[in-house]
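Structure file query.cif with mmCIF, C-alpha atoms:
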data_input
#
loop_
_atom_site.label_atom_id
_atom_site.label_comp_id
_atom_site.auth_asym_id
_atom_site.auth_seq_id
_atom_site.Cartn_x
_atom_site.Cartn_y
_atom_site.Cartn_z
CA THR A 23 -8.16 -34.39 -26.95
CA TYR A 24 -11.86 -34.38 -27.73
CA LYS A 25 -12.81 -34.53 -24.04
CA ASN A 26 -13.65 -31.39 -22.06
CA ASN A 27 -11.84 -32.61 -18.98
CA TYR A 28 -8.16 -31.99 -19.64
CA MET A 29 -5.11 -31.38 -17.50
CA GLU A 30 -2.90 -28.31 -17.70
CA VAL A 31 0.78 -29.11 -17.17
CA SER A 32 3.48 -26.56 -16.36
CA VAL A 33 6.84 -26.38 -14.64
CA ALA A 34 6.38 -26.66 -10.88
CA PRO A 35 7.35 -23.60 -8.83
CA GLU A 36 9.94 -23.71 -6.10
CA PRO A 37 8.60 -25.53 -3.00
CA ARG A 38 9.09 -22.44 -0.82
CA ASP A 39 6.89 -20.48 -3.22
CA ILE A 40 3.92 -22.83 -2.90
CA LEU A 41 1.02 -22.06 -0.57
CA TRP A 42 0.30 -25.65 0.36
CA PRO A 43 -3.15 -25.10 1.96
CA ASN A 44 -4.40 -23.78 -1.42
CA VAL A 45 -2.92 -26.48 -3.65
CA GLN A 46 -6.13 -28.50 -3.89
CA VAL A 47 -8.26 -25.53 -5.04
CA ASP A 48 -9.73 -26.03 -8.52
CA ALA A 49 -8.38 -23.67 -11.19
CA ASP A 50 -11.88 -22.66 -12.36
CA ILE A 51 -12.90 -21.75 -8.81
CA GLY A 52 -9.75 -19.65 -8.42
CA ALA A 53 -10.37 -17.88 -11.74
CA SER A 54 -13.98 -17.04 -10.86
CA ARG A 55 -12.97 -15.72 -7.46
CA SER A 56 -10.22 -13.64 -9.02
CA PHE A 57 -12.75 -12.12 -11.40
CA THR A 58 -15.10 -11.29 -8.53
CA ALA A 59 -12.27 -9.77 -6.50
CA ASN A 60 -11.14 -7.65 -9.45
CA VAL A 61 -14.67 -6.33 -9.97
CA LEU A 62 -15.11 -5.42 -6.31
CA LEU A 63 -11.67 -3.85 -6.06
CA GLY A 64 -12.33 -1.93 -9.27
CA LEU A 65 -15.46 -0.57 -7.63
CA GLY A 66 -13.28 0.38 -4.68
CA VAL A 67 -11.04 2.40 -7.01
CA ILE A 68 -14.07 4.31 -8.27
CA LEU A 69 -15.21 5.00 -4.70
CA TRP A 70 -11.70 5.82 -3.49
CA SER A 71 -12.62 9.50 -3.41
CA ILE A 72 -14.77 8.95 -0.29
CA PRO A 73 -11.94 8.13 2.17
CA LEU A 74 -9.66 10.70 0.52
CA THR A 75 -12.25 13.43 0.91
CA LEU A 76 -12.82 12.48 4.55
CA ILE A 77 -9.08 12.58 5.25
CA GLN A 78 -8.67 16.02 3.71
CA ALA A 79 -11.73 17.30 5.56
CA TRP A 80 -10.97 15.90 9.03
CA ALA A 81 -7.17 15.65 9.25
CA LYS A 82 -6.77 19.07 10.82
CA VAL A 83 -5.49 20.32 14.14
CA GLU A 84 -8.92 21.56 15.16
CA ASN A 85 -10.46 18.12 14.75
CA VAL A 86 -7.55 16.25 16.33
CA ALA A 87 -7.74 18.58 19.34
CA LYS A 88 -11.23 17.21 20.04
CA ILE A 89 -9.78 13.75 20.76
CA PRO A 90 -9.20 13.16 24.48
CA GLY A 91 -5.53 13.64 25.27
CA PHE A 92 -4.83 15.96 22.32
CA GLU A 93 -6.68 19.05 23.59
CA GLY A 94 -3.52 21.14 23.80
CA LEU A 95 -2.32 20.37 20.28
CA ALA A 96 -4.01 23.43 18.76
CA ASN A 97 -2.26 25.78 21.20
CA TRP A 98 1.07 23.96 21.36
CA ARG A 99 3.92 26.49 21.37
CA GLY A 100 1.35 29.22 20.90
CA GLY A 101 0.02 27.68 17.69
CA ALA A 102 3.36 28.15 15.93
CA TYR A 103 3.22 24.64 14.43
CA THR A 104 -0.45 24.64 13.47
CA SER A 105 0.18 25.33 9.78
CA ILE A 106 2.90 22.66 9.62
CA ILE A 107 0.68 20.06 11.30
CA ASN A 108 -2.23 20.93 9.01
CA SER A 109 0.10 20.52 6.04
CA TYR A 110 1.56 17.14 6.97
CA LEU A 111 -1.28 15.50 8.92
CA PRO A 112 -3.38 14.68 5.82
CA VAL A 113 -0.26 13.30 4.13
CA ILE A 114 0.58 11.04 7.07
CA ALA A 115 -3.03 9.86 7.37
CA LEU A 116 -3.17 9.11 3.65
CA LEU A 117 0.14 7.23 3.73
CA GLY A 118 -1.11 5.19 6.67
CA LEU A 119 -4.24 4.26 4.75
CA ILE A 120 -2.21 3.37 1.64
CA LEU A 121 0.12 1.17 3.70
CA LEU A 122 -2.86 -0.91 4.77
CA LEU A 123 -3.81 -1.73 1.18
CA PRO A 124 -1.14 -4.42 0.54
CA LEU A 125 -2.23 -6.22 3.71
CA ILE A 126 -5.83 -6.21 2.50
CA PHE A 127 -4.89 -7.30 -1.03
CA GLY A 128 -2.67 -10.07 0.33
CA ARG A 129 -5.45 -11.43 2.55
CA ILE A 130 -7.87 -11.35 -0.38
CA ALA A 131 -5.42 -13.21 -2.64
CA ILE A 132 -4.65 -15.90 -0.06
CA LEU A 133 -7.93 -16.41 1.78
CA TYR A 134 -10.57 -15.57 -0.83
CA GLU A 135 -8.95 -16.17 -4.23
CA GLN A 136 -6.83 -18.97 -2.72
CA ARG A 137 -3.88 -18.39 -5.01
CA LYS A 138 -1.41 -21.26 -4.98
CA THR A 139 1.94 -19.45 -5.00
CA ARG A 140 3.44 -16.58 -3.06
CA SER A 141 4.72 -15.05 -6.28
CA GLY A 142 1.15 -15.10 -7.63
CA VAL A 143 -0.01 -13.28 -4.52
CA GLU A 144 2.72 -10.67 -4.88
CA ASN A 145 1.90 -10.26 -8.57
CA SER A 146 -1.75 -9.57 -7.77
CA ILE A 147 -0.73 -7.04 -5.09
CA VAL A 148 1.52 -5.18 -7.56
CA GLY A 149 -1.25 -4.57 -10.08
CA ARG A 150 -3.97 -3.69 -7.60
CA TYR A 151 -1.74 -1.53 -5.44
CA PHE A 152 -0.50 0.38 -8.49
CA TRP A 153 -4.02 1.12 -9.71
CA TYR A 154 -5.07 2.36 -6.27
CA GLN A 155 -2.02 4.61 -6.10
CA LEU A 156 -2.76 5.92 -9.58
CA ALA A 157 -6.37 6.55 -8.60
CA ASN A 158 -5.11 8.27 -5.47
CA ILE A 159 -3.22 10.83 -7.55
CA TYR A 160 -6.08 11.80 -9.83
CA ILE A 161 -8.89 11.52 -7.30
CA THR A 162 -6.96 13.57 -4.74
CA VAL A 163 -6.77 16.41 -7.22
CA THR A 164 -10.44 16.34 -8.19
CA ALA A 165 -11.86 15.51 -4.75
CA GLY A 166 -9.75 18.08 -2.92
CA THR A 167 -10.50 20.76 -5.46
CA ILE A 168 -14.24 20.14 -5.50
CA TRP A 169 -14.39 19.99 -1.70
CA THR A 170 -12.62 23.34 -1.22
CA SER A 171 -14.52 25.04 -4.05
CA LEU A 172 -17.94 23.46 -3.50
CA SER A 173 -19.64 26.59 -2.18
CA ALA A 174 -18.30 28.72 -5.03
CA ILE A 175 -19.40 26.14 -7.61
CA ILE A 176 -22.90 26.04 -6.12
CA ASP A 177 -23.17 29.85 -6.14
CA HIS A 178 -21.74 30.23 -9.65
CA PRO A 179 -22.19 26.98 -11.59
CA GLN A 180 -21.68 28.74 -14.92
CA GLN A 181 -18.07 29.49 -13.88
CA LEU A 182 -17.23 25.86 -13.05
CA LEU A 183 -14.15 25.66 -15.27
CA VAL A 184 -12.84 29.02 -14.10
CA ILE A 185 -13.19 28.01 -10.43
CA LEU A 186 -11.51 24.65 -10.97
CA GLY A 187 -8.73 26.27 -12.99
CA ALA A 188 -8.01 28.61 -10.10
CA SER A 189 -8.24 26.00 -7.32
CA ILE A 190 -6.48 22.94 -8.80
CA PRO A 191 -2.97 24.52 -8.79
CA LYS A 192 -3.35 25.16 -5.05
CA LEU A 193 -2.95 21.40 -4.43
CA ALA A 194 0.63 21.52 -5.67
CA GLY A 195 1.84 21.96 -2.09
CA TYR A 196 0.03 18.81 -1.05
CA PHE A 197 1.75 16.70 -3.70
CA ILE A 198 5.12 18.25 -2.94
CA SER A 199 4.69 17.30 0.72
CA LEU A 200 3.66 13.77 -0.30
CA LEU A 201 6.68 13.29 -2.58
CA ILE A 202 9.09 14.75 -0.02
CA THR A 203 7.75 12.44 2.68
CA LYS A 204 7.97 9.34 0.48
CA THR A 205 11.36 10.27 -0.96
CA PHE A 206 13.17 11.12 2.28
CA ALA A 207 11.31 8.73 4.60
CA GLY A 208 10.05 5.87 2.44
CA LEU A 209 12.85 5.21 -0.05
CA PRO A 210 15.70 5.14 2.50
CA MET A 211 13.78 2.57 4.56
CA VAL A 212 13.36 0.42 1.45
CA LEU A 213 17.07 0.64 0.60
CA LEU A 214 18.09 -0.13 4.18
CA ARG A 215 15.75 -3.16 4.36
CA VAL A 216 15.34 -2.69 8.09
CA GLY A 217 13.78 -6.12 8.64
CA ALA A 218 16.62 -8.10 7.06
CA LEU A 219 19.23 -5.78 8.60
CA SER A 220 17.76 -6.17 12.09
CA ARG A 221 17.59 -9.93 11.70
CA MET A 222 21.24 -10.13 10.66
CA PHE A 223 22.32 -7.81 13.48
CA ILE A 224 20.47 -9.82 16.14
CA LEU A 225 21.73 -13.18 14.89
CA ARG A 226 25.35 -12.05 14.65
CA SER A 227 25.16 -10.42 18.08
CA CYS A 228 23.63 -13.40 19.88
CA PHE A 229 25.45 -16.33 18.25
CA ASN A 230 29.10 -17.19 17.79
CA LYS A 231 29.83 -17.95 14.16
CA LYS A 232 32.52 -20.51 15.05
CA ARG A 233 30.07 -22.60 17.06
CA LEU A 234 27.38 -22.82 14.39
CA THR A 235 26.98 -25.76 12.05
CA GLU A 236 26.95 -25.40 8.29
CA ARG A 237 23.17 -25.75 8.21
CA GLU A 238 22.76 -23.07 10.87
CA LEU A 239 25.11 -20.75 8.98
CA ASN A 240 23.08 -21.25 5.81
CA GLU A 241 19.96 -20.32 7.75
CA VAL A 242 21.62 -17.17 9.10
CA TYR A 243 22.92 -15.99 5.73
CA ARG A 244 20.03 -17.13 3.58
CA LYS A 245 18.60 -14.55 1.23
CA GLN A 246 15.58 -12.69 2.54
CA PRO A 247 12.62 -12.40 0.17
CA LEU A 248 11.80 -9.00 -1.26
CA MET A 249 8.06 -8.31 -1.09
CA TYR A 250 7.90 -6.64 -4.46
CA GLY A 251 4.12 -6.42 -4.24
CA TRP A 252 4.67 -3.79 -1.56
CA GLU A 253 7.79 -2.06 -2.83
CA TYR A 254 7.42 -1.68 -6.60
CA PRO A 255 4.15 0.32 -6.63
CA ASN A 256 5.63 2.79 -4.12
CA GLN A 257 8.57 3.41 -6.43
CA PHE A 258 6.21 3.77 -9.40
CA LEU A 259 4.41 6.55 -7.52
CA VAL A 260 7.58 8.48 -6.76
#
Hey, can you dump this file as structure tokens for me?
Amino acid sequence: TYKNNYMEVSVAPEPRDILWPNVQVDADIGASRSFTANVLLGLGVILWSIPLTLIQAWAKVENVAKIPGFEGLANWRGGAYTSIINSYLPVIALLGLILLLPLIFGRIAILYEQRKTRSGVENSIVGRYFWYQLANIYITVTAGTIWTSLSAIIDHPQQLLVILGASIPKLAGYFISLLITKTFAGLPMVLLRVGALSRMFILRSCFNKKRLTERELNEVYRKQPLMYGWEYPNQFLV
């Protein structure tokens, strides 16, 4: 058509996939908001080194012991577990921060970008979550190395490459701890699908199958959605 105002037609998604409050949002408005969100989140990837550096600097037994109620942590069992806590505490803190990212990305996609389908929301989470995890790998190496070697770099700037070459391999233990934690704690939870398993266990324990109608049985045994926006990037990282 010669007119600028035209209608885009496509196959309608499944009704359960539609976010009905966002149906009336204009496509151009959604596209502009998606562009703005991508720019701001891209800036967040660049600045991701700030929270990572703070975690590596402050996630230590000495700093946790300053919190009321944790004063005895540094001397627990005579300090026998101090090195283990210092090894795993930054990993746990980082994993906790990473787990918050899909929630943030989902709220942005639904409330700000006003995407119209749940699959579109999950698709946006997959891409953004993956890039943040990828940035986490590279920035953790550079930020951690620079933080631990900052004084030596300042005193001997001409030996920058030598200092970094000696300090970067020391972070291998950190990544080993991260992969072990995600492999033996994260992946089994994904395979078990604790949410769907708990739901099925509670329903089968509380209700008699013989007394349920066909519609109620379909509701009990209906397939549970897999939030691939959360799960896939985690597997990509491992």
Seminar exercise, completed: Between A:Asn44, A:Gln246, A:Asn85, A:Asn60, smallest distance to A:Ile107 by only C-alpha atoms belongs to A:Asn85
Problem set entry | Å distance separating atom CA of A:Tyr151 from atom CA of A:Tyr254, one decimal place | 9.2 Å
Problem set entry | Residue contacts of A:Ile185 (9 Å, all atoms listed in the file) excluding same-chain residues fewer than 5 positions away, as a PyMOL selection string | chain A and resi 171+174-175+178+190
Residues of stretch 112-139 of chain A within 10 Å of stretch 71-82 of chain A: nearest atom pair and distance (Å, one decimal) for each, counting only C-alpha atoms, sorted by chain and number, as CSV?
residue,atom,partner,partner_atom,distance
A:Pro112,CA,A:Ala81,CA,5.2
A:Val113,CA,A:Gln78,CA,8.8
A:Ile114,CA,A:Ala81,CA,9.3
A:Ala115,CA,A:Ile77,CA,7.0
A:Leu116,CA,A:Ile77,CA,7.0
A:Leu119,CA,A:Pro73,CA,9.0
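Taking atom CA of A:Ser109 and atom CA of A:Phe206 as the two end points, the separation is 16.5 Å.
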For this session: Grab the atom CA of A:Ile68 to atom CA of A:Asp50 distance for me, in Å with one decimal place.
Result: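 Calculated distance between atom CA of A:Ile68 and atom CA of A:Asp50 is 27.4 Å.
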For this session: Pick out the closest residue to A:Ile159 from this set: A:Ser54, A:Ile106, A:Leu41, A:Ala194. Count all atoms listed in the file.
Result: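 Of A:Ser54, A:Ile106, A:Leu41, A:Ala194, the one nearest A:Ile159 is A:Ala194, counting all atoms listed in the file.
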Care to translate the PyMOL selection byres ((chain A and resi 59) around 12) into actual residues of this file, as a JSON list (two decimals) with C-alpha atoms, in the frame of the given file?
[["chain", "number", "residue", "atom", "x", "y", "z"],
["A", 52, "GLY", "CA", -9.75, -19.65, -8.42],
["A", 53, "ALA", "CA", -10.37, -17.88, -11.74],
["A", 54, "SER", "CA", -13.98, -17.04, -10.86],
["A", 55, "ARG", "CA", -12.97, -15.72, -7.46],
["A", 56, "SER", "CA", -10.22, -13.64, -9.02],
["A", 57, "PHE", "CA", -12.75, -12.12, -11.40],
["A", 58, "THR", "CA", -15.10, -11.29, -8.53],
["A", 60, "ASN", "CA", -11.14, -7.65, -9.45],
["A", 61, "VAL", "CA", -14.67, -6.33, -9.97],
["A", 62, "LEU", "CA", -15.11, -5.42, -6.31],
["A", 63, "LEU", "CA", -11.67, -3.85, -6.06],
["A", 64, "GLY", "CA", -12.33, -1.93, -9.27],
["A", 65, "LEU", "CA", -15.46, -0.57, -7.63],
["A", 66, "GLY", "CA", -13.28, 0.38, -4.68],
["A", 126, "ILE", "CA", -5.83, -6.21, 2.50],
["A", 127, "PHE", "CA", -4.89, -7.30, -1.03],
["A", 128, "GLY", "CA", -2.67, -10.07, 0.33],
["A", 129, "ARG", "CA", -5.45, -11.43, 2.55],
["A", 130, "ILE", "CA", -7.87, -11.35, -0.38],
["A", 131, "ALA", "CA", -5.42, -13.21, -2.64],
["A", 132, "ILE", "CA", -4.65, -15.90, -0.06],
["A", 133, "LEU", "CA", -7.93, -16.41, 1.78],
["A", 134, "TYR", "CA", -10.57, -15.57, -0.83],
["A", 135, "GLU", "CA", -8.95, -16.17, -4.23],
["A", 136, "GLN", "CA", -6.83, -18.97, -2.72],
["A", 146, "SER", "CA", -1.75, -9.57, -7.77],
["A", 147, "ILE", "CA", -0.73, -7.04, -5.09],
["A", 150, "ARG", "CA", -3.97, -3.69, -7.60]]
For stretch 66-79 of chain A, what centre and edge lengths in Å (one decimal) does the axis-aligned box get once 3 Å is added on each side of all its listed atoms, as lines of an AutoDock Vina configuration file?
center_x = -11.9
center_y = 8.8
center_z = -1.4
size_x = 12.5
size_y = 22.9
size_z = 19.8
Problem set entry | From A:Phe152, A:Trp70, A:Pro35, A:Val47, residue lying nearest A:Gly251 [only C-alpha atoms] |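 Residue with the minimum atom-to-atom distance to A:Gly251: A:Phe152.
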Seminar exercise, completed: For A:Lys245, the closest of A:Leu219, A:Leu111, A:Val45, A:Leu69 counting all atoms listed in the file is A:Leu219
Restore N, CA and C atoms in stretch 205-229 of chain A and list the result as a short mmCIF file (atom, residue, chain, number, x, y, z; two decimals), in the frame of the given file.
data_model
loop_
_atom_site.label_atom_id
_atom_site.label_comp_id
_atom_site.auth_asym_id
_atom_site.auth_seq_id
_atom_site.Cartn_x
_atom_site.Cartn_y
_atom_site.Cartn_z
N THR A 205 9.99 10.32 -0.47
CA THR A 205 11.36 10.27 -0.96
C THR A 205 12.37 10.19 0.19
N PHE A 206 12.18 11.03 1.21
CA PHE A 206 13.17 11.12 2.28
C PHE A 206 12.85 10.22 3.46
N ALA A 207 11.64 9.66 3.52
CA ALA A 207 11.31 8.73 4.60
C ALA A 207 11.05 7.32 4.09
N GLY A 208 10.39 7.20 2.94
CA GLY A 208 10.05 5.87 2.44
C GLY A 208 11.18 5.17 1.72
N LEU A 209 11.80 5.84 0.75
CA LEU A 209 12.85 5.21 -0.05
C LEU A 209 14.07 4.79 0.76
N PRO A 210 14.57 5.62 1.68
CA PRO A 210 15.70 5.14 2.50
C PRO A 210 15.38 3.89 3.30
N MET A 211 14.15 3.77 3.81
CA MET A 211 13.78 2.57 4.56
C MET A 211 13.76 1.34 3.65
N VAL A 212 13.36 1.53 2.39
CA VAL A 212 13.36 0.42 1.45
C VAL A 212 14.79 -0.02 1.15
N LEU A 213 15.68 0.96 0.93
CA LEU A 213 17.07 0.64 0.60
C LEU A 213 17.79 0.01 1.79
N LEU A 214 17.46 0.44 2.99
CA LEU A 214 18.09 -0.13 4.18
C LEU A 214 17.60 -1.54 4.47
N ARG A 215 16.34 -1.84 4.06
CA ARG A 215 15.75 -3.16 4.36
C ARG A 215 15.89 -3.46 5.85
N VAL A 216 15.18 -2.67 6.63
CA VAL A 216 15.34 -2.69 8.09
C VAL A 216 15.07 -4.08 8.66
N GLY A 217 14.09 -4.80 8.12
CA GLY A 217 13.78 -6.12 8.64
C GLY A 217 14.94 -7.09 8.50
N ALA A 218 15.49 -7.19 7.28
CA ALA A 218 16.62 -8.10 7.06
C ALA A 218 17.87 -7.63 7.81
N LEU A 219 18.08 -6.31 7.88
CA LEU A 219 19.23 -5.78 8.60
C LEU A 219 19.14 -6.07 10.09
N SER A 220 17.95 -5.90 10.66
CA SER A 220 17.76 -6.17 12.09
C SER A 220 17.95 -7.65 12.39
N ARG A 221 17.44 -8.48 11.50
CA ARG A 221 17.59 -9.93 11.70
C ARG A 221 19.07 -10.31 11.71
N MET A 222 19.81 -9.82 10.73
CA MET A 222 21.24 -10.13 10.66
C MET A 222 21.99 -9.60 11.87
N PHE A 223 21.65 -8.40 12.32
CA PHE A 223 22.32 -7.81 13.48
C PHE A 223 22.06 -8.63 14.74
N ILE A 224 20.82 -9.04 14.94
CA ILE A 224 20.47 -9.82 16.14
C ILE A 224 21.16 -11.18 16.11
N LEU A 225 21.13 -11.85 14.98
CA LEU A 225 21.73 -13.18 14.89
C LEU A 225 23.25 -13.13 15.10
N ARG A 226 23.89 -12.15 14.52
CA ARG A 226 25.35 -12.05 14.65
C ARG A 226 25.76 -11.58 16.04
N SER A 227 24.85 -10.89 16.72
CA SER A 227 25.16 -10.42 18.08
C SER A 227 24.95 -11.52 19.12
N CYS A 228 24.01 -12.41 18.87
CA CYS A 228 23.63 -13.40 19.88
C CYS A 228 24.32 -14.74 19.70
N PHE A 229 24.88 -15.01 18.51
CA PHE A 229 25.45 -16.33 18.25
C PHE A 229 26.90 -16.19 17.78
#
